[in-house]
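Peer 1: To start, I am sharing the structure in question, which I have written as structure tokens.
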Amino acid sequence: MDYTKQIQEIAAKLFTENTIDIFIGYRMNGFDDNQVPVLITDPKDISKLVFTSKSVFNLTNYLKQEHTRNKRIGLVVKGCDSRSLNMMLTENQVKRDKLFIIGICCEGVVDESGQKMQNCTECVIPDAVVHDELLGTPAGRNDYKINVDIAELEGKTLVERREYFEQIFENCIRCNACRHSCPLCYCTKCCIDQESSTLYSGSNTTSSAFHALMTWSLHLAGRCVDCRNCEKACPSHLPLHLLHKQNEKVIYENFQEHLAGVIPDDRGAFYKYSLKDPDDFIM
Amino acid sequence: MEAETKEKIVSAEKPEIVAPESWQPVIMGILCNWCSYAGSDLTGTSRIQYPPNIRIIRVPCSSRVDPWFIIKSLQTTADGVLISGCHPGDCHYISGNYYARRRFLVTKKLLNMVGFHENRIQFSWVSAAEGPKFAKVVAKVTEDIKKLGPLHLYKKENFDK
């Protein structure tokens with residue numbers, strides 16, 4: 001999967017036609033073969049752009065920032081990124097007519113060790129669902145697979161699960177990088193930042209980490225598209241996908257196979273209901 | 001002394017924690033104003049006995065219950081949470097409890113995944129006319145949580161009980 005040339009050509013065309021102010025893509029990080037996101041405003045820098053299977057980050061995260069708001073932007077999206085972009089469009093965070101979207105038919109990206117990312121092995125929609133230009137040949141929709149880690153955890157006892165998750169919450173340093181890296185966490189004031197409150201504390205304790213991560217994952221339930229930007233950003237390397245995949249699994253199995261961001265104008269599983277929703281857990 | 005207190009109660013999540021003999025569970029009850037709160041009022045006015053372990057909060061609708069109300073309760077004093085609202089189709093705001101139902105399922109499953117026993121978070125539909133049912137629900141929840149023992153999980157430090 002190498003679309004470097006095509007992306008450079010499209011970016012050059014967009015800048016000469018003056019349809020965009022900023023192009024968001026990937027460049028080599030300069031010291032090894034991994035890549036970092038780059039925001040290009042000068043057509044001279046177009047030669048920096050690359051796109052290979054090492055282009056892991058979700059670039060739609062940069063659309064929520066102050067210096068990109070209300071600008072005309074061109075950007076590259078993979079399958080999962082396009083779903084988060086779809087969510088942002090639905091929630092009126094970006095305007096569609098200000099974007100030029102290069103969609104990629106993604107074949108899966110690899111992490112730093114060269115292994116295919118776990119979310120790519122379980123990917124349901126690898127092709128970009130929203131795009132102005134599509135690169136690659138569409139592969140179509142795959143079957144939904146339950147996350148292997150969730151399936152493993154479900155086989156464990158309650159005490160084992162509690163011990164496992166206690167470790168995760170203990171190791172959290174409350175840096176909030178997961179929240180900053182999430183394209184769908186765009187609130188300018190976040191509820192987990194209220195330091196004066198007796199409940200929400202900025203302090204780095206297990207209970208505050210539990211509180212912050214649980215609140216965060218429940219705010220993203222039915223909206224998370226499993227791009228794993230949070231996990232890539234986490235300095236403690238916490239398996240944050242477990243919380244999201246658990247919610248995603250419950251929502252997929254119980255609420256008419258709902259997946260976030262696939263259909264335009266679908267606001268998420270919690271914004272609609274069905275009379276046939278499961279009721280057996282309620283007395 | 002009752003006979004049941006002689007048996008040692010251990011916490012379901014942390015077996016190393018044994019409840020003191022005088023331990024009684026604290027249950028957070030979050031009731032919808034239009035059905036369950038009126039139902040609990042009927043239980044009282046009909047002089048039906050129910051366990052005093054429940055502490056009741058009134059909310060306008062069961063969909064007013066943010067999942068973090070549950071997290072907040074479990075992190076502070078509560079050993080369990082009971083949320084009650086109108087029966088499906090009877091919501092004062094037409095569809096509030098349908099939205100709430102979806103949220104409750106996801107919250108319950110997520111909390112169960114991270115290590116809370118599923119009986120710690122319970123839900124019920126109680127209408128304004130179901131006084132006896134409310135007493136039964138509270139009795140059942142109290143009994144369930146008495147079996148599970150005290151909750152010592154991610155409790156807020158220095159929280160004044």
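Labels for the structure tokens follow display order: chains A, B, ..., residues from 1 in each chain, ligands from 1.
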Per residue of chain B within 8 Å of chain A, note the shortest atom pair and the distance in Å to one decimal, counting only C-alpha atoms, and order the rows by chain and increasing residue number, as CSV.
Peer 2:
```
residue,atom,partner,partner_atom,distance
B:Ala12,CA,A:Val159,CA,7.7
B:Glu13,CA,A:Val159,CA,5.4
B:Lys14,CA,A:Val159,CA,6.8
B:Pro67,CA,A:Leu218,CA,7.4
B:Trp68,CA,A:Thr215,CA,6.3
B:Ile71,CA,A:His211,CA,7.1
B:Lys72,CA,A:Leu199,CA,7.4
B:Gln75,CA,A:Ser207,CA,7.5
B:Tyr98,CA,A:Tyr273,CA,6.0
B:Tyr99,CA,A:Tyr273,CA,5.9
B:Arg101,CA,A:Asp279,CA,7.6
B:Arg102,CA,A:Phe270,CA,6.7
B:Arg103,CA,A:Phe270,CA,6.8
B:Leu105,CA,A:Phe281,CA,7.7
B:Val106,CA,A:Asn247,CA,6.1
B:Thr107,CA,A:Leu218,CA,7.4
B:Lys109,CA,A:Val250,CA,7.5
B:Leu110,CA,A:Gln246,CA,6.6
B:Asn112,CA,A:Leu158,CA,7.9
B:Met113,CA,A:Arg161,CA,6.9
B:Val114,CA,A:Phe165,CA,5.7
B:Gly115,CA,A:Arg162,CA,4.0
B:Phe116,CA,A:Arg162,CA,7.4
B:His117,CA,A:Leu158,CA,7.1
B:Gln122,CA,A:Ile282,CA,7.1
B:Phe123,CA,A:Ile282,CA,4.9
B:Ser124,CA,A:Met283,CA,4.3
B:Trp125,CA,A:Met283,CA,6.3
B:Val137,CA,A:Met283,CA,7.6
B:Tyr154,CA,A:Ser207,CA,4.4
B:Lys155,CA,A:Ser207,CA,6.0
B:Lys156,CA,A:Ser207,CA,5.8
B:Glu157,CA,A:Ser207,CA,7.7
```
Peer 1: Can I get the selected residues back with N, CA, C and O atoms, as a short mmCIF file (atom, residue, chain, number, x, y, z; two decimals), in the first residue's frame?
Peer 2:
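Final file, result-v5.cif:
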```cif
data_model
loop_
_atom_site.label_atom_id
_atom_site.label_comp_id
_atom_site.auth_asym_id
_atom_site.auth_seq_id
_atom_site.Cartn_x
_atom_site.Cartn_y
_atom_site.Cartn_z
N ALA B 12 -17.52 -9.64 47.07
CA ALA B 12 -17.49 -10.49 45.86
C ALA B 12 -16.32 -10.14 44.97
O ALA B 12 -15.76 -11.00 44.30
N GLU B 13 -15.93 -8.86 44.96
CA GLU B 13 -14.85 -8.44 44.07
C GLU B 13 -13.49 -8.63 44.72
O GLU B 13 -12.51 -8.91 44.03
N LYS B 14 -13.42 -8.44 46.05
CA LYS B 14 -12.15 -8.59 46.77
C LYS B 14 -12.36 -9.57 47.91
O LYS B 14 -12.75 -9.16 49.01
N PRO B 67 -24.75 8.02 33.05
CA PRO B 67 -24.00 6.88 33.58
C PRO B 67 -23.04 7.26 34.70
O PRO B 67 -22.75 6.45 35.56
N TRP B 68 -22.56 8.50 34.69
CA TRP B 68 -21.64 8.81 35.78
C TRP B 68 -22.31 9.01 37.13
O TRP B 68 -21.65 9.01 38.15
N ILE B 71 -21.45 5.70 38.43
CA ILE B 71 -20.02 5.63 38.77
C ILE B 71 -19.76 6.43 40.04
O ILE B 71 -19.06 5.97 40.95
N LYS B 72 -20.37 7.62 40.12
CA LYS B 72 -20.19 8.49 41.28
C LYS B 72 -20.68 7.80 42.55
O LYS B 72 -20.00 7.81 43.57
N GLN B 75 -18.39 5.07 43.61
CA GLN B 75 -17.08 5.54 44.06
C GLN B 75 -17.13 6.17 45.43
O GLN B 75 -16.11 6.35 46.07
N TYR B 98 -36.87 4.72 26.92
CA TYR B 98 -36.28 3.90 25.85
C TYR B 98 -34.81 4.26 25.64
O TYR B 98 -33.97 3.40 25.44
N TYR B 99 -34.54 5.58 25.67
CA TYR B 99 -33.14 6.01 25.56
C TYR B 99 -32.35 5.53 26.76
O TYR B 99 -31.22 5.07 26.64
N ARG B 101 -32.85 2.97 28.64
CA ARG B 101 -32.66 1.53 28.62
C ARG B 101 -31.38 1.14 27.88
O ARG B 101 -30.64 0.28 28.31
N ARG B 102 -31.11 1.82 26.76
CA ARG B 102 -29.90 1.53 26.00
C ARG B 102 -28.66 1.86 26.81
O ARG B 102 -27.70 1.10 26.87
N ARG B 103 -28.70 3.05 27.44
CA ARG B 103 -27.55 3.49 28.22
C ARG B 103 -27.29 2.56 29.39
O ARG B 103 -26.16 2.24 29.70
N LEU B 105 -27.95 -0.63 29.74
CA LEU B 105 -27.37 -1.92 29.35
C LEU B 105 -25.86 -1.79 29.14
O LEU B 105 -25.07 -2.59 29.66
N VAL B 106 -25.46 -0.73 28.41
CA VAL B 106 -24.04 -0.56 28.11
C VAL B 106 -23.26 -0.28 29.39
O VAL B 106 -22.18 -0.85 29.61
N THR B 107 -23.81 0.57 30.26
CA THR B 107 -23.13 0.90 31.52
C THR B 107 -22.97 -0.33 32.39
O THR B 107 -21.90 -0.58 32.95
N LYS B 109 -22.93 -3.50 31.53
CA LYS B 109 -21.97 -4.47 30.96
C LYS B 109 -20.54 -3.98 31.12
O LYS B 109 -19.63 -4.77 31.37
N LEU B 110 -20.35 -2.66 30.96
CA LEU B 110 -18.99 -2.13 31.07
C LEU B 110 -18.49 -2.24 32.50
O LEU B 110 -17.35 -2.65 32.74
N ASN B 112 -19.48 -4.34 34.70
CA ASN B 112 -19.25 -5.76 34.97
C ASN B 112 -17.91 -6.21 34.39
O ASN B 112 -17.18 -6.97 35.01
N MET B 113 -17.58 -5.67 33.22
CA MET B 113 -16.30 -6.05 32.59
C MET B 113 -15.11 -5.59 33.43
O MET B 113 -14.15 -6.32 33.60
N VAL B 114 -15.17 -4.37 34.01
CA VAL B 114 -14.02 -3.89 34.77
C VAL B 114 -14.00 -4.42 36.20
O VAL B 114 -13.11 -4.08 36.96
N GLY B 115 -14.96 -5.25 36.58
CA GLY B 115 -14.84 -5.95 37.86
C GLY B 115 -15.90 -5.70 38.90
O GLY B 115 -15.72 -6.08 40.05
N PHE B 116 -17.02 -5.08 38.53
CA PHE B 116 -18.13 -4.95 39.48
C PHE B 116 -19.09 -6.10 39.25
O PHE B 116 -19.38 -6.44 38.10
N HIS B 117 -19.58 -6.69 40.32
CA HIS B 117 -20.57 -7.76 40.16
C HIS B 117 -21.82 -7.20 39.52
O HIS B 117 -22.22 -6.08 39.82
N GLN B 122 -28.58 -2.39 39.45
CA GLN B 122 -29.85 -3.00 39.08
C GLN B 122 -30.85 -1.95 38.63
O GLN B 122 -30.78 -0.79 39.03
N PHE B 123 -31.76 -2.41 37.78
CA PHE B 123 -32.75 -1.51 37.20
C PHE B 123 -34.13 -2.12 37.36
O PHE B 123 -34.27 -3.34 37.41
N SER B 124 -35.12 -1.27 37.45
CA SER B 124 -36.48 -1.80 37.52
C SER B 124 -37.45 -0.80 36.90
O SER B 124 -37.17 0.39 36.83
N TRP B 125 -38.56 -1.32 36.45
CA TRP B 125 -39.68 -0.46 36.01
C TRP B 125 -40.75 -0.59 37.09
O TRP B 125 -41.26 -1.66 37.35
N VAL B 137 -38.98 -5.08 45.10
CA VAL B 137 -37.75 -4.77 44.37
C VAL B 137 -36.65 -4.37 45.35
O VAL B 137 -35.52 -4.87 45.28
N TYR B 154 -12.08 1.19 43.81
CA TYR B 154 -11.89 2.54 43.28
C TYR B 154 -12.61 3.59 44.12
O TYR B 154 -13.15 4.56 43.61
N LYS B 155 -12.65 3.37 45.43
CA LYS B 155 -13.34 4.35 46.28
C LYS B 155 -12.51 5.62 46.33
O LYS B 155 -11.29 5.59 46.31
N LYS B 156 -13.23 6.71 46.40
CA LYS B 156 -12.58 8.00 46.49
C LYS B 156 -11.84 8.08 47.82
O LYS B 156 -12.40 7.81 48.86
N GLU B 157 -10.55 8.45 47.77
CA GLU B 157 -9.79 8.54 49.01
C GLU B 157 -10.30 9.69 49.87
O GLU B 157 -10.74 10.71 49.34
#
```
Peer 1: Which residues, written as number ranges by chain, have at least one atom at most 9 Å from stretch 50-65 of chain A, with only C-alpha atoms counted and residues fewer than 5 positions away on the same chain left out?
Peer 2: A: 1-5, 7-8, 24-28, 33-37, 39, 73, 75-78, 80-82, 84-85, 88, 93-94, 106-112, 114, 117, 180-186, 227-229, 232
Peer 1: Given only C-alpha atoms as the basis, pick out the residue of B:Lys136, B:Arg47, B:Arg55, B:His87 nearest to B:Pro25.
Peer 2: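 The answer is B:Arg55, which sits nearest to B:Pro25.
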Peer 1: Please identify the helix (DSSP H, G or I) residues within stretch 128-264 of chain A (assignment by DSSP from backbone atoms) and present them as a PyMOL selection string.
Peer 2: chain A and resi 148-154+158-171+177-181+191-193+206-219+229-233+241-254
Peer 1: Write out as a PDB file with N, CA and C atoms, in the first residue's frame which residues come within 10 Å of B:Val10 when counting only C-alpha atoms, dropping same-chain ones fewer than 4 positions away.
Peer 2:
```
ATOM      1  N   LYS B  14     -13.416  -8.441  46.052  1.00  0.00           N
ATOM      2  CA  LYS B  14     -12.147  -8.587  46.772  1.00  0.00           C
ATOM      3  C   LYS B  14     -12.356  -9.568  47.913  1.00  0.00           C
ATOM      4  N   PRO B  15     -12.093 -10.863  47.686  1.00  0.00           N
ATOM      5  CA  PRO B  15     -12.403 -11.871  48.712  1.00  0.00           C
ATOM      6  C   PRO B  15     -11.624 -11.672  50.011  1.00  0.00           C
ATOM      7  N   GLU B  16     -10.538 -10.882  49.973  1.00  0.00           N
ATOM      8  CA  GLU B  16      -9.767 -10.673  51.198  1.00  0.00           C
ATOM      9  C   GLU B  16     -10.478  -9.735  52.174  1.00  0.00           C
ATOM     10  N   ILE B  17     -11.491  -9.030  51.698  1.00  0.00           N
ATOM     11  CA  ILE B  17     -12.203  -8.089  52.572  1.00  0.00           C
ATOM     12  C   ILE B  17     -13.417  -8.765  53.200  1.00  0.00           C
ATOM     13  N   VAL B  18     -13.423  -8.804  54.526  1.00  0.00           N
ATOM     14  CA  VAL B  18     -14.551  -9.393  55.259  1.00  0.00           C
ATOM     15  C   VAL B  18     -15.330  -8.255  55.909  1.00  0.00           C
ATOM     16  N   ALA B  19     -16.644  -8.332  55.773  1.00  0.00           N
ATOM     17  CA  ALA B  19     -17.477  -7.260  56.320  1.00  0.00           C
ATOM     18  C   ALA B  19     -17.520  -7.346  57.836  1.00  0.00           C
ATOM     19  N   PRO B  20     -17.506  -6.198  58.530  1.00  0.00           N
ATOM     20  CA  PRO B  20     -17.709  -6.220  59.978  1.00  0.00           C
ATOM     21  C   PRO B  20     -19.119  -6.729  60.303  1.00  0.00           C
ATOM     22  N   LYS B 146     -26.446  -7.682  50.052  1.00  0.00           N
ATOM     23  CA  LYS B 146     -25.963  -8.224  51.323  1.00  0.00           C
ATOM     24  C   LYS B 146     -25.100  -9.453  51.071  1.00  0.00           C
ATOM     25  N   LYS B 147     -25.482 -10.248  50.072  1.00  0.00           N
ATOM     26  CA  LYS B 147     -24.695 -11.434  49.719  1.00  0.00           C
ATOM     27  C   LYS B 147     -23.343 -11.045  49.140  1.00  0.00           C
ATOM     28  N   LEU B 148     -23.304  -9.927  48.383  1.00  0.00           N
ATOM     29  CA  LEU B 148     -22.061  -9.541  47.699  1.00  0.00           C
ATOM     30  C   LEU B 148     -21.053  -8.892  48.638  1.00  0.00           C
ATOM     31  N   GLY B 149     -21.511  -8.434  49.797  1.00  0.00           N
ATOM     32  CA  GLY B 149     -20.590  -7.827  50.748  1.00  0.00           C
ATOM     33  C   GLY B 149     -20.245  -6.398  50.400  1.00  0.00           C
ATOM     34  N   PRO B 150     -19.387  -5.779  51.218  1.00  0.00           N
ATOM     35  CA  PRO B 150     -19.071  -4.366  50.995  1.00  0.00           C
ATOM     36  C   PRO B 150     -18.273  -4.152  49.720  1.00  0.00           C
ATOM     37  N   LEU B 151     -18.457  -2.999  49.132  1.00  0.00           N
ATOM     38  CA  LEU B 151     -17.741  -2.662  47.898  1.00  0.00           C
ATOM     39  C   LEU B 151     -16.514  -1.827  48.241  1.00  0.00           C
TER      40      LEU B 151
END
```
Peer 1: Name the residues in contact with B:Ser36 at a cut-off of 8 Å, using only C-alpha atoms, excluding same-chain residues fewer than 3 positions from it; report them as a ChimeraX atom specification.
Peer 2: /B:31-33,39-40,84-86,125-128,134
Peer 1: Check the DSSP output for the backbone and give back, as a list in words, the residues of stretch 17-162 of chain A in strand (DSSP E).
Peer 2: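 Written out, the strand (DSSP E) residues of stretch 17-162 of chain A are Ile22, Phe23, Ile24, Gly25, Tyr26, Arg27, Met28, Gln35, Val36, Pro37, Val38, Leu39, Ile40, Ile73, Gly74, Leu75, Val76, Val77, Leu99, Phe100, Ile101, Ile102, Gly103, Ile104, Glu133, Leu134 and Leu135 of chain A.
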Peer 1: Excluding stretch 131-135 of chain A and its own-chain neighbours fewer than 5 positions away, which residues fall within 6 Å of it when counting only C-alpha atoms? Please give them as a list in words.
Peer 2: Ile101, Ile102, Gly103 and Ile104 of chain A
Peer 1: Please produce an output containing C-alpha atoms for each residue in the selection, written as a PDB file, in the first residue's frame.
Peer 2:
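Saved file again-v9.pdb follows:
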```pdb
ATOM      1  CA  ILE A 101     -11.085  14.332   1.307  1.00  0.00           C
ATOM      2  CA  ILE A 102      -8.732  11.797  -0.230  1.00  0.00           C
ATOM      3  CA  GLY A 103     -10.142   8.413   0.734  1.00  0.00           C
ATOM      4  CA  ILE A 104      -7.935   5.336   0.876  1.00  0.00           C
TER       5      ILE A 104
END
```
